[in-house]
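Colleague: This is upload.cif, which holds mmCIF, C-alpha atoms:
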data_structure
#
loop_
_atom_site.label_atom_id
_atom_site.label_comp_id
_atom_site.auth_asym_id
_atom_site.auth_seq_id
_atom_site.Cartn_x
_atom_site.Cartn_y
_atom_site.Cartn_z
CA MET V 1 0.00 0.00 0.00
CA SER V 2 1.41 3.40 -0.97
CA GLU V 3 0.44 6.89 0.18
CA THR V 4 1.01 10.29 -1.41
CA GLU V 5 0.07 13.84 -0.43
CA VAL V 6 -0.14 16.76 -2.86
CA GLU V 7 -0.81 20.42 -2.07
CA LEU V 8 -2.56 22.72 -4.54
CA ARG V 9 -2.88 26.44 -3.85
CA TRP V 10 -5.22 28.55 -5.96
CA MET V 11 -5.98 32.26 -6.01
CA LEU V 12 -9.57 32.80 -7.10
CA THR V 13 -10.80 36.28 -8.04
CA LEU V 14 -14.34 37.20 -9.03
CA LYS V 15 -13.92 39.53 -12.03
CA GLU V 16 -17.46 40.14 -13.24
CA ILE V 17 -21.05 39.43 -12.23
CA GLY V 18 -23.47 39.00 -15.13
CA SER V 19 -27.23 38.59 -15.10
CA HIS V 20 -26.93 34.82 -15.55
CA ASP V 21 -23.24 34.07 -15.06
CA TYR V 22 -19.97 34.88 -13.28
CA THR V 23 -16.47 35.44 -14.60
CA PHE V 24 -13.48 34.37 -12.50
CA GLU V 25 -9.73 34.41 -12.73
CA LEU V 26 -8.09 31.25 -11.36
CA ILE V 27 -4.33 31.26 -10.76
CA THR V 28 -2.50 28.13 -9.61
CA LEU V 29 0.10 29.36 -7.13
CA ASP V 30 1.60 26.01 -6.23
CA HIS V 31 1.29 22.34 -7.13
CA ARG V 32 3.75 20.36 -5.05
CA MET V 33 4.09 16.83 -3.77
CA VAL V 34 4.31 17.02 0.03
CA LYS V 35 4.79 13.31 0.71
CA ALA V 36 5.32 10.17 -1.37
CA ASP V 37 6.55 6.65 -0.71
CA ASN V 38 6.72 5.60 -4.36
CA MET V 39 9.32 6.98 -6.78
CA GLY V 40 7.02 6.26 -9.71
CA TYR V 41 4.43 8.69 -8.34
CA ILE V 42 7.10 11.35 -7.89
CA GLU V 43 8.18 11.09 -11.53
CA ILE V 44 4.57 11.13 -12.76
CA HIS V 45 3.86 14.20 -10.65
CA LYS V 46 6.82 16.03 -12.18
CA VAL V 47 5.49 15.41 -15.69
CA VAL V 48 1.90 16.29 -14.81
CA SER V 49 2.98 19.50 -13.06
CA GLN V 50 4.95 20.52 -16.14
CA LEU V 51 2.02 19.86 -18.48
CA GLN V 52 -0.36 21.84 -16.29
CA LYS V 53 1.77 25.00 -16.36
CA ALA V 54 -0.12 26.08 -19.46
CA LEU V 55 -3.29 26.16 -17.34
CA ASN V 56 -1.80 28.08 -14.41
CA GLU V 57 -3.76 31.24 -15.27
CA ILE V 58 -7.31 30.87 -16.51
CA THR V 59 -10.10 33.38 -16.98
CA PHE V 60 -13.43 31.60 -17.36
CA THR V 61 -17.18 32.11 -17.15
CA VAL V 62 -19.58 29.78 -15.34
CA ASP V 63 -23.35 29.78 -14.93
CA LYS V 64 -24.95 30.17 -11.51
CA GLN V 65 -24.59 26.43 -10.87
CA GLY V 66 -20.84 26.56 -11.52
CA THR V 67 -20.94 24.83 -14.92
CA LEU V 68 -18.18 26.01 -17.24
CA LEU V 69 -19.55 28.08 -20.11
CA ARG V 70 -16.36 29.31 -21.78
CA VAL V 71 -12.67 29.95 -21.31
CA LYS V 72 -11.93 33.59 -22.09
CA ASN V 73 -8.14 33.61 -22.44
CA LEU V 74 -7.76 30.75 -24.93
CA GLU V 75 -5.01 32.39 -26.99
CA GLN V 76 -2.92 33.15 -23.91
CA ILE V 77 -3.20 29.52 -22.77
CA LYS V 78 -2.20 28.20 -26.21
CA GLU V 79 0.83 30.52 -26.33
CA ARG V 80 1.88 29.39 -22.85
CA TRP V 81 1.52 25.77 -23.95
CA GLU V 82 4.01 26.31 -26.75
CA ASP V 83 6.48 27.80 -24.25
CA VAL V 84 5.99 24.92 -21.79
CA LYS V 85 6.41 22.34 -24.54
CA ALA V 86 9.59 23.90 -25.95
CA GLU V 87 11.17 24.28 -22.50
CA THR V 88 10.35 20.77 -21.33
CA ILE V 89 11.47 19.01 -24.51
CA GLU V 90 14.71 21.03 -24.55
CA TYR V 91 15.64 19.81 -21.06
CA ASN V 92 14.50 16.22 -21.72
CA LYS V 93 15.80 15.56 -25.24
CA ALA V 94 16.62 11.94 -24.50
CA ASN V 95 13.13 11.15 -23.23
CA THR V 96 11.31 10.09 -26.41
CA SER V 97 8.19 9.04 -24.49
CA LEU V 98 7.83 12.61 -23.20
CA VAL V 99 7.96 13.92 -26.76
CA GLU V 100 5.16 11.52 -27.71
CA LEU V 101 3.14 12.65 -24.70
CA PHE V 102 3.40 16.26 -25.86
CA LYS V 103 2.19 15.22 -29.32
CA ILE V 104 -0.94 13.77 -27.72
CA GLN V 105 -1.50 16.95 -25.74
CA ASP V 106 -0.98 19.02 -28.90
CA GLU V 107 -4.01 17.33 -30.43
CA ALA V 108 -6.10 18.32 -27.43
CA PHE V 109 -5.00 21.95 -27.68
CA GLU V 110 -5.60 22.14 -31.42
CA LYS V 111 -9.07 20.62 -31.67
CA VAL V 112 -12.16 22.79 -31.18
CA GLY V 113 -13.22 22.79 -27.54
CA GLY V 114 -10.03 21.00 -26.47
CA VAL V 115 -8.84 23.66 -24.04
CA ASP V 116 -12.33 24.03 -22.60
CA ALA V 117 -12.43 20.27 -21.97
CA MET V 118 -9.04 20.32 -20.20
CA VAL V 119 -10.10 23.25 -18.02
CA LYS V 120 -13.38 21.55 -17.16
CA ALA V 121 -11.46 18.40 -16.14
CA MET V 122 -9.40 20.34 -13.58
CA GLU V 123 -9.90 19.35 -9.95
CA PHE V 124 -11.08 22.87 -9.16
CA PHE V 125 -14.46 22.30 -10.82
CA ASP V 126 -15.11 18.88 -9.27
CA ILE V 127 -13.70 19.64 -5.83
CA TYR V 128 -14.26 23.36 -5.22
CA LEU V 129 -17.39 24.26 -7.20
CA ASN V 130 -18.89 20.74 -7.21
CA ASN V 131 -22.47 21.85 -8.03
CA ILE V 132 -22.91 23.45 -4.60
CA TYR V 133 -23.91 26.91 -5.84
CA GLY V 134 -27.19 28.23 -7.23
CA ARG V 135 -29.33 25.16 -6.73
CA ASP V 136 -31.89 23.48 -4.48
CA PHE V 137 -30.07 21.44 -1.85
CA PHE V 138 -32.99 19.15 -1.08
CA GLY V 139 -32.66 16.83 -4.04
CA ARG V 140 -30.30 14.72 -6.10
CA ILE V 141 -28.39 15.27 -9.30
CA LYS V 142 -26.68 12.80 -11.63
CA LYS V 143 -22.91 13.20 -11.89
CA ASN V 144 -20.13 11.13 -13.43
CA ILE V 145 -17.08 11.05 -11.14
CA PRO V 146 -13.62 10.08 -12.48
CA ASN V 147 -12.29 6.87 -10.97
CA LEU V 148 -8.95 6.84 -9.16
CA PHE V 149 -7.07 5.41 -12.14
CA ARG V 150 -8.55 7.99 -14.55
CA SER V 151 -9.59 5.15 -16.85
CA GLY V 152 -13.24 6.21 -16.92
CA LEU V 153 -16.21 7.69 -15.08
CA ILE V 154 -18.41 6.27 -12.33
CA PRO V 155 -22.12 7.24 -12.49
CA PHE V 156 -23.40 8.66 -9.20
CA ALA V 157 -26.54 10.26 -7.86
CA LEU V 158 -25.47 13.01 -5.44
CA GLY V 159 -27.75 14.13 -2.64
CA TYR V 160 -27.25 17.66 -1.27
CA ASP V 161 -28.36 19.06 2.07
CA GLY V 162 -27.64 22.57 3.33
CA ASN V 163 -28.35 24.48 6.54
CA LYS V 164 -27.04 27.48 8.47
CA SER V 165 -24.42 26.44 10.97
CA PRO V 166 -25.72 26.38 14.58
CA ASP V 167 -22.21 27.09 15.88
CA ALA V 168 -21.13 30.09 13.76
CA GLU V 169 -22.91 33.16 12.41
CA ASN V 170 -22.93 33.69 8.62
CA ILE V 171 -21.71 30.15 7.95
CA TYR V 172 -23.69 27.79 5.71
CA THR V 173 -22.87 24.07 5.83
CA ILE V 174 -23.46 21.84 2.82
CA LYS V 175 -23.27 18.05 2.95
CA VAL V 176 -23.07 15.82 -0.10
CA ASP V 177 -23.72 12.07 -0.13
CA GLY V 178 -23.03 9.94 -3.17
CA TYR V 179 -25.10 6.97 -4.29
CA PRO V 180 -23.33 4.97 -7.03
CA ASN V 181 -25.45 3.61 -9.86
CA ILE V 182 -25.01 0.06 -11.13
CA VAL V 183 -22.09 -0.19 -13.56
CA ALA V 184 -22.70 -2.49 -16.54
CA GLU V 185 -20.26 -5.31 -17.35
CA ASN V 186 -19.04 -3.68 -20.60
CA HIS V 187 -18.38 -0.46 -18.63
CA LEU V 188 -16.33 -2.43 -16.10
CA LYS V 189 -14.23 -3.85 -18.94
CA ASP V 190 -13.53 -0.32 -20.16
CA LEU V 191 -12.60 0.78 -16.64
CA TYR V 192 -10.45 -2.16 -15.59
CA GLY V 193 -9.50 -3.98 -18.79
CA GLY V 194 -5.84 -3.20 -18.08
CA PHE V 195 -5.89 -5.13 -14.80
CA PRO V 196 -5.39 -8.91 -14.50
CA ILE V 197 -9.11 -9.59 -14.08
CA SER V 198 -10.63 -12.60 -15.86
CA ASP V 199 -14.27 -12.67 -14.70
CA PHE V 200 -15.88 -9.28 -15.19
CA ASP V 201 -19.35 -10.74 -14.72
CA ALA V 202 -18.49 -11.55 -11.09
CA LEU V 203 -16.77 -8.21 -10.45
CA LYS V 204 -18.66 -6.08 -7.92
CA PRO V 205 -16.61 -2.93 -7.20
CA VAL V 206 -17.60 -0.74 -4.26
CA TYR V 207 -17.57 3.06 -4.57
CA LEU V 208 -18.02 5.56 -1.72
CA TYR V 209 -18.34 9.34 -2.06
CA ASN V 210 -19.16 12.15 0.38
CA ALA V 211 -18.29 15.81 0.91
CA GLN V 212 -18.87 18.71 3.28
CA TYR V 213 -18.39 22.45 2.80
CA ASN V 214 -18.60 25.45 5.13
CA ILE V 215 -19.37 28.62 3.15
CA ASP V 216 -19.13 32.24 4.21
CA LEU V 217 -22.58 33.71 3.53
CA LEU V 218 -21.16 37.23 3.17
CA SER V 219 -18.47 36.51 0.56
CA GLY V 220 -19.77 33.26 -0.93
CA PHE V 221 -16.33 31.65 -0.69
CA ILE V 222 -15.62 28.28 0.92
CA ILE V 223 -13.99 28.57 4.35
CA ASP V 224 -13.12 24.91 4.62
CA GLY V 225 -14.31 21.56 3.39
CA GLU V 226 -13.45 18.04 2.40
CA VAL V 227 -14.26 15.57 -0.37
CA ASN V 228 -13.74 11.81 0.04
CA PHE V 229 -13.83 9.09 -2.62
CA SER V 230 -12.88 5.42 -2.37
CA GLU V 231 -12.82 2.68 -4.98
CA ALA V 232 -12.52 -1.01 -4.05
CA ILE V 233 -12.32 -3.19 -7.17
CA ASN V 234 -11.50 -6.45 -5.38
CA ASP V 235 -9.26 -7.58 -2.53
CA LYS V 236 -6.11 -6.69 -4.54
CA PHE V 237 -6.98 -3.44 -6.30
CA GLY V 238 -8.39 -0.24 -4.92
CA GLY V 239 -7.61 3.02 -3.21
CA GLU V 240 -9.00 6.24 -1.81
CA VAL V 241 -8.48 9.97 -2.13
CA HIS V 242 -9.20 12.71 0.40
CA TYR V 243 -9.31 16.39 -0.53
CA LYS V 244 -8.99 19.02 2.21
CA ILE V 245 -10.05 22.59 1.33
CA ARG V 246 -8.91 25.57 3.37
CA LEU V 247 -9.25 29.32 2.87
CA TYR V 248 -5.97 31.23 3.04
CA GLU V 249 -6.20 34.65 4.67
#
Have the structure of the file written as structure tokens, please.
Modeller:
Amino acid sequence: MSETEVELRWMLTLKEIGSHDYTFELITLDHRMVKADNMGYIEIHKVVSQLQKALNEITFTVDKQGTLLRVKNLEQIKERWEDVKAETIEYNKANTSLVELFKIQDEAFEKVGGVDAMVKAMEFFDIYLNNIYGRDFFGRIKKNIPNLFRSGLIPFALGYDGNKSPDAENIYTIKVDGYPNIVAENHLKDLYGGFPISDFDALKPVYLYNAQYNIDLLSGFIIDGEVNFSEAINDKFGGEVHYKIRLYE
């Protein structure tokens, strides 16, 4: 069993309030591995951190539910990508696999909607916004959550409940409970086909998801929170991830 810890620091600025949407600037201040007991994870993190430099400054517009509508600084992101690519390849000339990886990413940047899709896939939207704004908390929504191995999506129904905190003035607490839907056998093959699993018909993975947020009613920003997800495929494969959210003063 291995364990890693990564710290992400964002600076989020509300730039514009529209009649039906909001425009934000999101700057990634830091993306560092705090703890790791597996050298493979350390090397992967270095590559991922380098690739994500192109997305370190994003101006985007979301609707009142936090759904991404458009990325406003597309050209700036594409220019930064070219700089990141040139710098990384220059310092890693002998690494042919890295060059191939950049070719794959090039395709994503060049196709229509590619940058928007990469921005939407950032943890910020699933962990920070997470459908907690501008909606009725006494109900469920359908949401596909990426599995731990990023080999596919797990269908969930998420139940939301929100109330004013009894312990602190101007604090609103939101709780989220996830209810996984049944995953079909062909979906399981897509998710775990790379693992040494022979009988997909007998495979019964267990998924758990929950979250809690404390929001400042005056500013609308999250004071603190956490998101937890676990994935148990069988007695040999599985894992869990825990996100801790904290407001920096």
Colleague: Residues near stretch 39-49 of chain V, anyone? I mean within 12 Å using all atoms listed in the file, not counting same-chain ones fewer than 3 positions away, as a PyMOL selection string.
Modeller: chain V and resi 2-8+28-36+52-56+84-85+88-89+92+95+97-99+101-102+105
Colleague: Using only C-alpha atoms, list the residues that have an atom at most 12 Å from (-5.7, -9.0, -12.0), coordinates as in the file, as a ChimeraX atom specification.
Modeller: /V:192-200,203,233-238
Colleague: Assuming 8 Å of padding per side, give the centre and edge lengths of the axis-aligned box around every listed atom of stretch 126-139 of chain V, in Å to one decimal and as lines of an AutoDock Vina configuration file.
Modeller:
center_x = -23.3
center_y = 22.5
center_z = -5.2
size_x = 35.3
size_y = 27.4
size_z = 24.2
Colleague: How many Å lie between atom CA of V:Lys175 and atom CA of V:Tyr213, rounded to one decimal?
Modeller: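 Going from atom CA of V:Lys175 over to atom CA of V:Tyr213, I get 6.6 Å.
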Colleague: Tell me, in Å to one decimal, how far atom CA of V:Asp63 is from atom CA of V:Phe229.
Modeller: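 Computing it gives 25.9 Å between the two atoms.
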Colleague: Using all atoms listed in the file, which of the listed residues (V:Phe138, V:Tyr22, V:Phe124, V:Tyr209) sits closest to V:Val62?
Modeller: V:Tyr22
Colleague: Applied to this file, what does the PyMOL selection byres ((chain V and resi 139-147) around 8) return in terms of residues, put as a PDB file with C-alpha atoms, in the coordinates of the input?
Modeller:
ATOM      1  CA  ASP V 136     -31.890  23.480  -4.480  1.00  0.00           C
ATOM      2  CA  PHE V 137     -30.070  21.440  -1.850  1.00  0.00           C
ATOM      3  CA  PHE V 138     -32.990  19.150  -1.080  1.00  0.00           C
ATOM      4  CA  LEU V 148      -8.950   6.840  -9.160  1.00  0.00           C
ATOM      5  CA  PHE V 149      -7.070   5.410 -12.140  1.00  0.00           C
ATOM      6  CA  ARG V 150      -8.550   7.990 -14.550  1.00  0.00           C
ATOM      7  CA  SER V 151      -9.590   5.150 -16.850  1.00  0.00           C
ATOM      8  CA  GLY V 152     -13.240   6.210 -16.920  1.00  0.00           C
ATOM      9  CA  LEU V 153     -16.210   7.690 -15.080  1.00  0.00           C
ATOM     10  CA  ILE V 154     -18.410   6.270 -12.330  1.00  0.00           C
ATOM     11  CA  PRO V 155     -22.120   7.240 -12.490  1.00  0.00           C
ATOM     12  CA  PHE V 156     -23.400   8.660  -9.200  1.00  0.00           C
ATOM     13  CA  ALA V 157     -26.540  10.260  -7.860  1.00  0.00           C
ATOM     14  CA  LEU V 158     -25.470  13.010  -5.440  1.00  0.00           C
ATOM     15  CA  GLY V 159     -27.750  14.130  -2.640  1.00  0.00           C
ATOM     16  CA  TYR V 160     -27.250  17.660  -1.270  1.00  0.00           C
ATOM     17  CA  ASP V 161     -28.360  19.060   2.070  1.00  0.00           C
ATOM     18  CA  GLU V 231     -12.820   2.680  -4.980  1.00  0.00           C
TER      19      GLU V 231
END
Colleague: Using the chain letters and residue numbers of this document, give as a list in words the residues selected by the PyMOL selection byres ((chain V and resi 69-71) around 8).
Modeller: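 Taken on the displayed file, the PyMOL selection byres ((chain V and resi 69-71) around 8) yields the residues Ile58, Thr59, Phe60, Thr61, Val62, Asp63, Thr67, Leu68, Lys72, Asn73, Leu74, Val115, Asp116 and Val119 of chain V.
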Colleague: Store the residues picked out above in a file with C-alpha atoms, as a short mmCIF file (atom, residue, chain, number, x, y, z; two decimals), in the frame of the given file.
Modeller:
data_model
loop_
_atom_site.label_atom_id
_atom_site.label_comp_id
_atom_site.auth_asym_id
_atom_site.auth_seq_id
_atom_site.Cartn_x
_atom_site.Cartn_y
_atom_site.Cartn_z
CA ILE V 58 -7.31 30.87 -16.51
CA THR V 59 -10.10 33.38 -16.98
CA PHE V 60 -13.43 31.60 -17.36
CA THR V 61 -17.18 32.11 -17.15
CA VAL V 62 -19.58 29.78 -15.34
CA ASP V 63 -23.35 29.78 -14.93
CA THR V 67 -20.94 24.83 -14.92
CA LEU V 68 -18.18 26.01 -17.24
CA LYS V 72 -11.93 33.59 -22.09
CA ASN V 73 -8.14 33.61 -22.44
CA LEU V 74 -7.76 30.75 -24.93
CA VAL V 115 -8.84 23.66 -24.04
CA ASP V 116 -12.33 24.03 -22.60
CA VAL V 119 -10.10 23.25 -18.02
#
Colleague: Just checking: using only C-alpha atoms, which residue out of V:Lys244, V:Asn170, V:Glu16, V:Met11 ends up closest to V:Leu218?
Modeller: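 When distances to V:Leu218 are compared using only C-alpha atoms, the smallest one comes from V:Asn170.
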Colleague: Atom CA of V:Leu51 and atom CA of V:Trp81 are how many Å apart?
Modeller: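 Between atom CA of V:Leu51 and atom CA of V:Trp81 the gap works out to 8.1 Å.
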Colleague: Once the PyMOL selection byres ((chain V and resi 168) around 12) is applied to the coordinates I shared, what remains selected? I want it as a ChimeraX atom specification.
Modeller: /V:163-167,169-173,214-217,223
Colleague: With distances taken over only C-alpha atoms, which of V:Ile222, V:Ala211, V:Leu14, V:Ile104 is nearest to V:Tyr248?
Modeller: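 Answer, going by the shortest atom-to-atom distance: V:Ile222.
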Colleague: Between V:Glu57, V:Trp10, V:Asp224, V:Val112, which residue has the minimum interatomic distance to V:Ile245, considering all atoms listed in the file?
Modeller: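 When distances to V:Ile245 are compared using all atoms listed in the file, the smallest one comes from V:Asp224.
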Colleague: May I have the residues within 8 Å of V:Asn228 as a ChimeraX atom specification, using only C-alpha atoms and disregarding those fewer than 5 positions away in the same chain?
Modeller: /V:208-211,240-243
